[in-house]
file protein-v3.cif (mmCIF, C-alpha atoms and all ligand atoms)
data_run
#
loop_
_atom_site.label_atom_id
_atom_site.label_comp_id
_atom_site.auth_asym_id
_atom_site.auth_seq_id
_atom_site.Cartn_x
_atom_site.Cartn_y
_atom_site.Cartn_z
CA MET A 137 26.63 -18.34 5.44
CA LYS A 138 23.26 -19.43 4.16
CA GLU A 139 22.51 -18.24 0.64
CA TYR A 140 19.64 -15.80 0.33
CA HIS A 141 17.63 -15.93 -2.89
CA PRO A 142 14.86 -13.35 -3.07
CA PRO A 143 11.94 -14.74 -5.06
CA LEU A 144 11.91 -13.22 -8.54
CA GLY A 145 8.44 -12.56 -9.75
CA CYS A 146 6.88 -11.57 -13.00
CA ARG A 147 7.15 -7.79 -12.83
CA ASP A 148 3.69 -7.32 -14.35
CA ALA A 149 1.95 -9.18 -11.52
CA LEU A 150 0.47 -7.43 -8.51
CA ARG A 151 3.43 -7.78 -6.18
CA LEU A 152 2.16 -8.28 -2.66
CA ASP A 153 5.24 -10.25 -1.61
CA PHE A 154 7.84 -7.62 -0.63
CA ASN A 155 5.93 -5.03 1.44
CA GLU A 156 6.96 -2.26 -0.94
CA ASN A 157 4.80 0.67 -1.93
CA THR A 158 2.64 -0.98 -4.62
CA LEU A 159 1.84 2.14 -6.59
CA ALA A 160 4.39 4.93 -7.06
CA CYS A 161 6.69 7.39 -5.36
CA SER A 162 5.89 11.10 -5.16
CA PRO A 163 5.71 12.83 -8.57
CA LYS A 164 8.20 15.37 -7.13
CA VAL A 165 10.77 12.56 -7.00
CA ARG A 166 10.16 11.77 -10.68
CA GLU A 167 10.76 15.46 -11.48
CA ALA A 168 14.05 15.42 -9.53
CA LEU A 169 15.18 12.40 -11.56
CA GLY A 170 14.49 14.37 -14.74
CA ARG A 171 16.91 17.06 -13.52
CA ILE A 172 19.86 14.65 -13.05
CA SER A 173 22.86 16.10 -14.90
CA THR A 174 25.85 14.45 -16.56
CA GLY A 175 27.95 15.82 -13.69
CA ASP A 176 25.73 14.01 -11.20
CA LEU A 177 26.68 10.79 -12.97
CA THR A 178 30.38 11.43 -13.52
CA ARG A 179 31.14 12.60 -9.98
CA TYR A 180 31.24 10.50 -6.82
CA PRO A 181 28.18 11.19 -4.70
CA GLU A 182 28.31 13.70 -1.84
CA ARG A 183 26.24 12.40 0.99
CA ALA A 184 26.99 14.95 3.73
CA PRO A 185 24.54 17.76 2.72
CA VAL A 186 21.69 15.28 2.27
CA GLU A 187 22.58 13.53 5.52
CA ALA A 188 22.37 16.91 7.27
CA LEU A 189 18.93 17.53 5.73
CA MET A 190 17.75 14.10 6.85
CA ALA A 191 19.04 14.77 10.36
CA THR A 192 17.13 18.07 10.53
CA HIS A 193 14.00 16.26 9.39
CA LEU A 194 14.39 13.81 12.29
CA GLY A 195 15.25 16.56 14.80
CA LEU A 196 18.82 15.24 15.14
CA ALA A 197 22.36 16.48 14.53
CA ALA A 198 24.12 15.47 11.29
CA GLU A 199 26.67 13.44 13.28
CA GLN A 200 23.81 11.30 14.60
CA VAL A 201 22.67 10.12 11.16
CA ALA A 202 24.18 7.89 8.45
CA LEU A 203 22.46 7.33 5.12
CA THR A 204 22.82 3.79 3.82
CA ASN A 205 22.14 1.70 0.73
CA GLY A 206 18.81 0.59 2.14
CA VAL A 207 18.31 -0.71 5.68
CA ASP A 208 19.87 -3.96 4.52
CA GLU A 209 23.25 -2.23 4.24
CA ALA A 210 22.55 -0.53 7.58
CA ILE A 211 22.03 -3.92 9.26
CA HIS A 212 25.10 -5.37 7.53
CA VAL A 213 27.33 -2.48 8.60
CA LEU A 214 25.94 -2.37 12.15
CA PHE A 215 26.63 -6.08 12.63
CA GLU A 216 30.10 -5.81 11.07
CA THR A 217 30.88 -2.90 13.37
CA PHE A 218 29.83 -4.43 16.67
CA LEU A 219 29.59 -8.23 16.49
CA ASP A 220 32.72 -10.18 17.40
CA GLU A 221 33.47 -13.76 18.35
CA GLY A 222 31.67 -14.76 21.55
CA ASP A 223 29.05 -12.04 21.19
CA GLU A 224 25.33 -12.75 21.12
CA LEU A 225 22.72 -11.22 18.84
CA LEU A 226 19.26 -11.38 20.42
CA LEU A 227 16.48 -11.76 17.89
CA PRO A 228 12.81 -12.05 18.74
CA VAL A 229 11.54 -14.49 16.08
CA PRO A 230 9.90 -14.77 13.64
CA THR A 231 11.38 -11.57 12.25
CA TYR A 232 13.04 -9.98 9.22
CA THR A 233 15.24 -12.61 7.53
CA MET A 234 18.26 -10.43 6.83
CA TYR A 235 19.22 -10.05 10.51
CA GLU A 236 20.16 -13.70 10.58
CA VAL A 237 21.73 -13.61 7.12
CA TYR A 238 24.08 -10.73 8.00
CA SER A 239 24.89 -12.04 11.46
CA SER A 240 26.07 -15.27 9.88
CA ALA A 241 28.82 -13.25 8.18
CA THR A 242 30.18 -12.46 11.67
CA ASP A 243 31.51 -14.74 14.40
CA ALA A 244 28.66 -13.89 16.77
CA ARG A 245 25.95 -16.32 17.85
CA VAL A 246 22.25 -15.70 17.18
CA VAL A 247 20.03 -16.21 20.22
CA PRO A 248 16.44 -16.49 18.95
CA VAL A 249 13.60 -15.54 21.29
CA GLN A 250 10.49 -17.31 20.00
CA ALA A 251 7.16 -15.47 20.10
CA ALA A 252 4.11 -17.39 21.34
CA ASP A 253 1.36 -18.48 18.93
CA ASP A 254 -0.24 -15.01 19.08
CA LEU A 255 3.07 -13.66 17.63
CA GLN A 256 3.01 -10.76 20.07
CA PHE A 257 6.39 -9.27 20.96
CA PRO A 258 8.01 -11.72 23.46
CA PHE A 259 9.02 -8.99 25.92
CA GLU A 260 9.42 -10.96 29.17
CA ARG A 261 11.19 -13.83 27.44
CA LEU A 262 13.59 -11.42 25.74
CA LEU A 263 14.48 -9.72 29.03
CA LYS A 264 15.33 -13.11 30.53
CA THR A 265 17.60 -13.90 27.56
CA ILE A 266 19.88 -10.87 28.02
CA THR A 267 23.36 -11.93 29.21
CA PRO A 268 26.69 -10.10 29.63
CA ARG A 269 27.51 -11.44 26.12
CA THR A 270 24.50 -9.79 24.48
CA LYS A 271 25.99 -7.30 22.02
CA ILE A 272 23.06 -6.36 19.78
CA ILE A 273 19.31 -6.73 20.21
CA ALA A 274 17.53 -6.25 16.87
CA ILE A 275 13.83 -5.45 16.96
CA ALA A 276 11.77 -4.66 13.88
CA ASN A 277 8.98 -2.37 15.03
CA PRO A 278 6.43 -3.08 13.59
CA ASN A 279 7.77 -6.57 13.09
CA SER A 280 7.67 -8.58 9.87
CA PRO A 281 6.01 -10.99 9.14
CA SER A 282 3.71 -10.67 12.17
CA GLY A 283 2.82 -6.96 12.04
CA SER A 284 2.99 -6.85 15.86
CA VAL A 285 4.75 -4.12 17.83
CA ALA A 286 6.85 -3.57 20.92
CA THR A 287 5.64 -0.62 22.99
CA ARG A 288 7.81 2.42 23.68
CA GLU A 289 7.93 1.44 27.38
CA GLN A 290 9.11 -2.06 26.50
CA LEU A 291 11.87 -0.69 24.27
CA ILE A 292 13.02 1.74 26.97
CA GLU A 293 13.12 -1.10 29.50
CA ILE A 294 15.14 -3.33 27.15
CA ALA A 295 17.67 -0.52 26.53
CA ARG A 296 17.92 0.00 30.30
CA ARG A 297 18.39 -3.70 31.09
CA ALA A 298 21.13 -4.17 28.44
CA PRO A 299 23.32 -1.07 28.78
CA HIS A 300 26.31 -3.01 27.42
CA ALA A 301 24.46 -3.86 24.17
CA VAL A 302 23.22 -1.90 21.16
CA LEU A 303 19.45 -1.88 20.80
CA LEU A 304 18.52 -1.62 17.11
CA VAL A 305 14.92 -0.56 16.55
CA ASP A 306 14.19 -1.07 12.87
CA GLU A 307 11.36 1.30 11.99
CA ALA A 308 11.08 0.25 8.33
CA TYR A 309 7.26 0.33 8.64
CA PHE A 310 7.10 3.45 10.84
CA HIS A 311 4.77 5.44 8.58
CA PHE A 312 2.00 2.85 8.80
CA TYR A 313 2.33 2.63 12.59
CA GLY A 314 2.96 6.26 13.51
CA GLU A 315 4.96 5.65 16.69
CA THR A 316 8.71 6.10 16.94
CA VAL A 317 11.59 6.17 19.41
CA VAL A 318 13.71 8.55 17.31
CA ASP A 319 13.12 11.22 19.96
CA LEU A 320 15.00 9.03 22.50
CA ILE A 321 18.19 9.05 20.45
CA GLY A 322 21.10 10.55 22.34
CA ALA A 323 19.32 10.44 25.70
CA THR A 324 19.38 6.63 25.43
CA PRO A 325 23.09 5.89 24.92
CA ASN A 326 22.63 2.42 23.37
CA LEU A 327 19.64 3.07 21.07
CA ILE A 328 20.02 3.04 17.27
CA VAL A 329 17.04 3.47 14.95
CA ALA A 330 16.81 2.37 11.30
CA ARG A 331 14.45 3.85 8.71
CA THR A 332 13.92 3.09 5.03
CA PHE A 333 12.64 4.82 1.91
CA SER A 334 11.63 1.44 0.44
CA LYS A 335 8.20 1.14 1.98
CA ALA A 336 5.86 4.15 2.31
CA TYR A 337 8.06 6.42 0.15
CA GLY A 338 8.02 3.97 -2.77
CA LEU A 339 11.78 4.07 -3.48
CA ALA A 340 12.86 0.46 -2.92
CA GLY A 341 14.64 0.42 -6.30
CA LEU A 342 16.84 3.37 -5.31
CA ARG A 343 18.11 1.62 -2.14
CA LEU A 344 17.95 4.31 0.51
CA GLY A 345 17.88 3.84 4.26
CA LEU A 346 19.48 5.23 7.36
CA LEU A 347 20.77 4.63 10.84
CA ALA A 348 20.37 7.21 13.59
CA GLY A 349 21.98 7.00 17.00
CA PRO A 350 24.29 8.60 19.54
CA VAL A 351 27.37 10.29 18.06
CA GLU A 352 29.81 7.90 19.73
CA LEU A 353 28.18 4.80 18.21
CA MET A 354 27.66 6.49 14.85
CA ARG A 355 31.39 7.27 14.64
CA TRP A 356 32.20 3.57 14.81
CA ILE A 357 29.54 2.77 12.22
CA LYS A 358 30.78 5.48 9.84
CA ARG A 359 34.26 3.96 9.93
CA VAL A 360 32.85 0.72 8.52
CA LEU A 361 30.32 2.27 6.10
CA SER A 362 31.45 2.84 2.52
CA PRO A 363 31.55 6.61 1.81
CA TYR A 364 29.85 6.10 -1.58
CA SER A 365 27.28 3.41 -0.96
CA VAL A 366 24.38 5.83 -1.43
CA ASN A 367 24.42 6.85 -5.09
CA SER A 368 23.77 10.29 -6.62
CA LEU A 369 20.29 9.42 -7.87
CA ALA A 370 19.17 8.34 -4.41
CA LEU A 371 20.69 11.47 -2.87
CA ALA A 372 18.90 13.69 -5.42
CA CYS A 373 15.58 12.01 -4.69
CA LEU A 374 15.68 12.18 -0.91
CA PRO A 375 14.89 15.92 -0.47
CA PRO A 376 11.76 15.94 -2.70
CA ALA A 377 10.59 12.66 -1.12
CA LEU A 378 10.83 14.21 2.35
CA GLU A 379 9.24 17.45 1.21
CA ASP A 380 6.15 15.90 -0.34
CA GLU A 381 4.41 15.04 2.90
CA GLY A 382 1.04 15.32 1.16
CA TYR A 383 1.85 12.36 -1.06
CA LEU A 384 3.15 10.28 1.82
CA ASP A 385 0.06 11.00 3.96
CA TRP A 386 -2.21 10.14 1.05
CA TYR A 387 -0.47 6.82 0.38
CA VAL A 388 -0.40 5.78 4.04
CA GLY A 389 -4.10 6.72 4.41
CA GLU A 390 -4.95 4.67 1.33
CA VAL A 391 -3.06 1.62 2.65
CA LEU A 392 -4.68 1.83 6.09
CA ALA A 393 -8.14 2.02 4.52
CA ALA A 394 -7.26 -0.92 2.26
CA ARG A 395 -5.97 -2.91 5.24
CA THR A 396 -9.27 -2.52 7.09
CA GLU A 397 -11.21 -3.61 4.01
CA PHE A 398 -8.93 -6.53 3.26
CA GLU A 399 -8.94 -7.74 6.87
CA ALA A 400 -12.75 -7.80 6.69
CA ALA A 401 -12.49 -9.92 3.53
CA LEU A 402 -10.13 -12.34 5.33
CA ASP A 403 -12.53 -12.57 8.27
CA LYS A 404 -15.41 -13.24 5.90
CA ALA A 405 -13.38 -16.02 4.28
CA GLY A 406 -12.93 -17.53 7.75
CA LEU A 407 -9.13 -17.23 7.74
CA ARG A 408 -7.13 -16.67 10.89
CA ARG A 409 -5.00 -13.52 10.73
CA TRP A 410 -2.71 -11.61 13.06
CA PRO A 411 -3.46 -7.95 13.90
CA SER A 412 -1.05 -5.79 11.92
CA ARG A 413 0.28 -2.26 12.42
CA ALA A 414 2.10 -2.31 9.07
CA ASN A 415 1.38 -2.53 5.33
CA PHE A 416 0.97 -6.31 5.32
CA VAL A 417 -0.99 -8.99 7.07
CA LEU A 418 -0.05 -12.55 8.04
CA VAL A 419 -2.72 -15.12 7.24
CA GLU A 420 -3.14 -18.77 8.22
CA ILE A 421 -3.63 -20.86 5.09
CA GLY A 422 -2.70 -24.23 6.55
CA ALA A 423 -1.20 -27.36 5.02
CA ARG A 424 -1.94 -26.30 1.42
CA HIS A 425 0.00 -23.04 1.65
CA GLN A 426 2.22 -23.85 -1.35
CA GLU A 427 -0.72 -24.61 -3.58
CA PHE A 428 -2.44 -21.45 -2.38
CA THR A 429 0.60 -19.31 -3.21
CA ARG A 430 0.80 -20.92 -6.66
CA LEU A 431 -2.90 -20.34 -7.34
CA MET A 432 -2.57 -16.69 -6.32
CA SER A 433 0.47 -16.30 -8.56
CA ALA A 434 -1.40 -17.88 -11.48
CA ALA A 435 -4.12 -15.26 -10.89
CA GLY A 436 -1.45 -12.52 -11.13
CA VAL A 437 -1.12 -11.79 -7.39
CA LEU A 438 2.21 -12.58 -5.72
CA VAL A 439 2.12 -13.27 -1.98
CA ARG A 440 4.88 -14.56 0.33
CA ASP A 441 4.78 -17.98 1.92
CA ARG A 442 6.40 -17.54 5.36
CA SER A 443 6.22 -21.23 6.31
CA SER A 444 9.97 -21.50 6.80
CA ASP A 445 9.94 -18.76 9.47
CA PRO A 446 10.04 -20.13 13.02
CA GLY A 447 6.46 -20.72 14.23
CA CYS A 448 4.91 -19.76 10.88
CA GLU A 449 4.14 -23.11 9.23
CA GLY A 450 1.19 -22.70 6.85
CA ARG A 451 1.19 -18.89 7.08
CA VAL A 452 1.34 -16.49 4.19
CA ARG A 453 2.16 -12.77 4.32
CA ILE A 454 0.23 -10.46 2.03
CA THR A 455 1.34 -6.86 1.41
CA ILE A 456 -1.40 -4.23 1.56
CA GLY A 457 -1.57 -1.92 -1.45
CA THR A 458 -4.38 0.38 -2.54
CA ARG A 459 -8.07 -0.47 -2.06
CA GLU A 460 -8.44 -1.20 -5.75
CA GLN A 461 -5.47 -3.58 -5.71
CA MET A 462 -6.66 -5.30 -2.54
CA ARG A 463 -10.13 -5.86 -4.01
CA LYS A 464 -8.40 -7.71 -6.84
CA ALA A 465 -6.33 -9.62 -4.27
CA ALA A 466 -9.46 -10.53 -2.27
CA THR A 467 -11.15 -11.89 -5.40
CA ALA A 468 -8.06 -13.96 -6.25
CA LEU A 469 -7.89 -15.18 -2.65
CA ASN A 470 -11.53 -16.30 -2.59
CA GLU A 471 -11.09 -18.08 -5.92
CA ALA A 472 -7.92 -19.80 -4.68
CA LEU A 473 -9.69 -20.95 -1.51
CA ALA A 474 -12.64 -22.24 -3.56
CA ALA A 475 -10.23 -24.16 -5.83
CA LEU A 476 -8.52 -25.70 -2.79
CA ARG A 477 -11.90 -26.70 -1.31
CA ALA A 478 -12.95 -28.27 -4.62
CA ARG A 479 -9.68 -30.25 -4.76
CA ASN A 480 -10.16 -31.38 -1.16
CA GLU A 481 -13.66 -32.64 -1.95
CA ALA A 482 -12.46 -34.43 -5.08
CA GLN A 483 -9.80 -36.33 -3.10
C1 LIG A 501 11.94 -4.98 9.05
C2 LIG A 501 12.62 -4.66 7.76
N1 LIG A 501 13.77 -3.98 7.79
C3 LIG A 501 14.41 -3.66 6.65
C4 LIG A 501 13.93 -4.04 5.42
C5 LIG A 501 14.73 -3.72 4.19
O1 LIG A 501 14.70 -2.37 3.91
P1 LIG A 501 15.54 -1.79 2.71
O2 LIG A 501 14.75 -1.95 1.46
O3 LIG A 501 15.72 -0.35 3.09
O4 LIG A 501 16.85 -2.52 2.64
C6 LIG A 501 12.74 -4.74 5.34
C7 LIG A 501 12.22 -5.15 4.01
O5 LIG A 501 11.36 -5.93 3.82
C8 LIG A 501 12.07 -5.06 6.54
O6 LIG A 501 10.93 -5.78 6.52
#

call {"tool": "encode", "arguments": {"input": "protein-v3.cif", "output": "structure tokens"}}
result
Amino acid sequence: MKEYHPPLGCRDALRLDFNENTLACSPKVREALGRISTGDLTRYPERAPVEALMATHLGLAAEQVALTNGVDEAIHVLFETFLDEGDELLLPVPTYTMYEVYSSATDARVVPVQAADDLQFPFERLLKTITPRTKIIAIANPNSPSGSVATREQLIEIARRAPHAVLLVDEAYFHFYGETVVDLIGATPNLIVARTFSKAYGLAGLRLGLLAGPVELMRWIKRVLSPYSVNSLALACLPPALEDEGYLDWYVGEVLAARTEFEAALDKAGLRRWPSRANFVLVEIGARHQEFTRLMSAAGVLVRDRSSDPGCEGRVRITIGTREQMRKAATALNEALAALRARNEAQ
């Protein structure tokens, strides 16, 4: 297995490198944390009642939902459950790094499906890559780092053309996009959807995610999943997080407004960018991407160099936070670009 080292940043900087909520979770979640009792800490967590609540929220039965320690655990467990020697994992790339990391812990083979330069979802190419050995097709929708999406019709067609495989649709960024295939669960026997509380809900530190799918597939997954991987604090915070729709709507609205403003700033700076349906945007910086990232960091704004992703040389992903934060980011970006231009001229 390749080692995965998440970049550790100065926690006081404006962190636009992980696509988290950049501000806060709902105040109702903070109140729930204040009510945590000694018993909550001494006892093993009980996930079932909260899982049932989550299922109701999604319009599903409790047996169709499994809470996980973030979507990362969900991916890990899903791959452990279904991927065996000789199996193929289809991955449209570039995409979320952890799919490849967790698949390398199995004996399956990754089959990457490269997106074209526009980084749109490589639908036709993916269909052609399906074989009888395809066991899982993992699609982040919206995708990271591109921000592009697969349409509902495309996802339905993929599920139909690979009935022998599991189609994972990772809706980590669902709230910023607004479209889902959760309603197809059950009726589509090979569809599994992942969701997280790390992004719009602002609970990345609690590690809370979920898988939702047909009962038969979920039974296999629940055999592999640790019964206690979602801790008591996360379970206590889930109900108020779900309940406070006002906070969620406000945060998503703020991010979408900030994205429009920030995209205009990128256009004004003459930078190529890819249209995004999520809370981040991929930007072409070019050969001096490392220097750019360092200059931004020195100005207190952390962004993520995605150059090592397939087809992403010279591209940097910037998380979208609030308008105020993104105005600060735009100023830092313009100053970094000016510094790079000055260095170019001096050489
Ligand atoms: C597509 C995608 N899925 C899953 C995750 C991880 O989610 P979690 O924090 O719930 O493990 C990320 C995080 O960046 C992501 O981009």

call {"tool": "residues_near_ligand", "arguments": {"input": "protein-v3.cif", "ligand": "ligand LIG 501 (chain A)", "cutoff": "8 Å", "atoms": "all atoms listed in the file", "output": "ChimeraX atom specification"}}
result
/A:154-156,205-210,231-232,234,276-281,306-309,330-335,340,343-346

call {"tool": "atom_distance", "arguments": {"input": "protein-v3.cif", "atom1": "atom CA of A:Thr204", "atom2": "atom CA of A:Lys138"}}
result
23.2 Å

call {"tool": "closest_residue", "arguments": {"input": "protein-v3.cif", "among": "A:Tyr337, A:Phe312, A:Tyr235, A:Phe215", "to": "A:Leu378", "atoms": "all atoms listed in the file"}}
result
A:Tyr337

call {"tool": "closest_residue", "arguments": {"input": "protein-v3.cif", "among": "A:Thr217, A:Val237, A:Ala198, A:Leu369", "to": "A:Glu139", "atoms": "all atoms listed in the file"}}
result
A:Val237

call {"tool": "closest_atom_pairs", "arguments": {"input": "protein-v3.cif", "of": "stretch 274-341 of chain A", "to": "stretch 252-259 of chain A", "cutoff": "9 Å", "atoms": "all atoms listed in the file", "output": "tab-separated table"}}
result
residue	atom	partner	partner_atom	distance
A:Asn279	CA	A:Phe257	CA	8.4
A:Ser282	CA	A:Leu255	CA	6.3
A:Gly283	CA	A:Leu255	CA	8.7
A:Ser284	CA	A:Gln256	CA	5.7
A:Val285	CA	A:Phe257	CA	6.2
A:Ala286	CA	A:Phe257	CA	5.7
A:Thr287	CA	A:Phe257	CA	8.9
A:Gln290	CA	A:Phe259	CA	7.0
A:Leu291	CA	A:Phe259	CA	8.9
A:Ile294	CA	A:Phe259	CA	8.4

call {"tool": "residues_around", "arguments": {"input": "protein-v3.cif", "residues": "A:Glu390", "least_positions_apart": "6", "cutoff": "8 Å", "atoms": "only C-alpha atoms", "output": "tab-separated table (two decimals) with C-alpha atoms, keeping the file's coordinate frame"}}
result
chain	number	residue	atom	x	y	z
A	457	GLY	CA	-1.57	-1.92	-1.45
A	458	THR	CA	-4.38	0.38	-2.54
A	459	ARG	CA	-8.07	-0.47	-2.06

call {"tool": "residues_around", "arguments": {"input": "protein-v3.cif", "residues": "stretch 174-183 of chain A", "least_positions_apart": "3", "cutoff": "9 Å", "atoms": "all atoms listed in the file", "output": "ChimeraX atom specification"}}
result
/A:186-188,202-203,363-369,371-372

call {"tool": "atom_distance", "arguments": {"input": "protein-v3.cif", "atom1": "atom CA of A:Asp153", "atom2": "atom CA of A:Gly436"}}
result
11.9 Å

call {"tool": "residues_around", "arguments": {"input": "protein-v3.cif", "residues": "A:Ser444", "least_positions_apart": "4", "cutoff": "12 Å", "atoms": "all atoms listed in the file", "output": "count of residues only"}}
result
14

call {"tool": "atom_distance", "arguments": {"input": "protein-v3.cif", "atom1": "atom CA of A:Asp223", "atom2": "atom CA of A:Ser239"}}
result
10.6 Å

call {"tool": "closest_residue", "arguments": {"input": "protein-v3.cif", "among": "A:Glu236, A:Val329, A:Arg463, A:Leu438", "to": "A:Asp148", "atoms": "only C-alpha atoms"}}
result
A:Leu438

call {"tool": "closest_residue", "arguments": {"input": "protein-v3.cif", "among": "A:Ala465, A:Gly389, A:Ala370, A:Tyr383", "to": "A:Gly341", "atoms": "all atoms listed in the file"}}
result
A:Ala370

call {"tool": "closest_residue", "arguments": {"input": "protein-v3.cif", "among": "A:Arg269, A:Arg171, A:Arg261, A:Lys404", "to": "A:Leu219", "atoms": "only C-alpha atoms"}}
result
A:Arg269

call {"tool": "closest_residue", "arguments": {"input": "protein-v3.cif", "among": "A:Cys373, A:Val302, A:Arg479, A:Pro185", "to": "A:Leu169", "atoms": "all atoms listed in the file"}}
result
A:Cys373

call {"tool": "residues_around", "arguments": {"input": "protein-v3.cif", "residues": "A:Ala348", "least_positions_apart": "4", "cutoff": "6 Å", "atoms": "only C-alpha atoms", "output": "list of chain:residue names"}}
result
A:Gln200, A:Val201, A:Ile328, A:Val329

call {"tool": "residues_near_point", "arguments": {"input": "protein-v3.cif", "point": "(-0.8, -13.3, -3.3)", "cutoff": "10 Å", "atoms": "only C-alpha atoms", "output": "list in words"}}
result
Ala149, Leu150, Arg151, Leu152, Asp153, Phe428, Thr429, Arg430, Leu431, Met432, Ser433, Ala434, Ala435, Gly436, Val437, Leu438, Val439, Arg440, Asp441, Val452, Arg453, Ile454, Thr455, Met462, Ala465, Ala466, Ala468, Leu469 and Ala472 of chain A

call {"tool": "residues_around", "arguments": {"input": "protein-v3.cif", "residues": "A:Ala405", "least_positions_apart": "4", "cutoff": "10 Å", "atoms": "all atoms listed in the file", "output": "short mmCIF file (atom, residue, chain, number, x, y, z; two decimals) with C-alpha atoms, in the coordinates of the input"}}
result
data_model
loop_
_atom_site.label_atom_id
_atom_site.label_comp_id
_atom_site.auth_asym_id
_atom_site.auth_seq_id
_atom_site.Cartn_x
_atom_site.Cartn_y
_atom_site.Cartn_z
CA GLU A 399 -8.94 -7.74 6.87
CA ALA A 400 -12.75 -7.80 6.69
CA ALA A 401 -12.49 -9.92 3.53
CA ALA A 466 -9.46 -10.53 -2.27
CA LEU A 469 -7.89 -15.18 -2.65
CA ASN A 470 -11.53 -16.30 -2.59
CA LEU A 473 -9.69 -20.95 -1.51
#
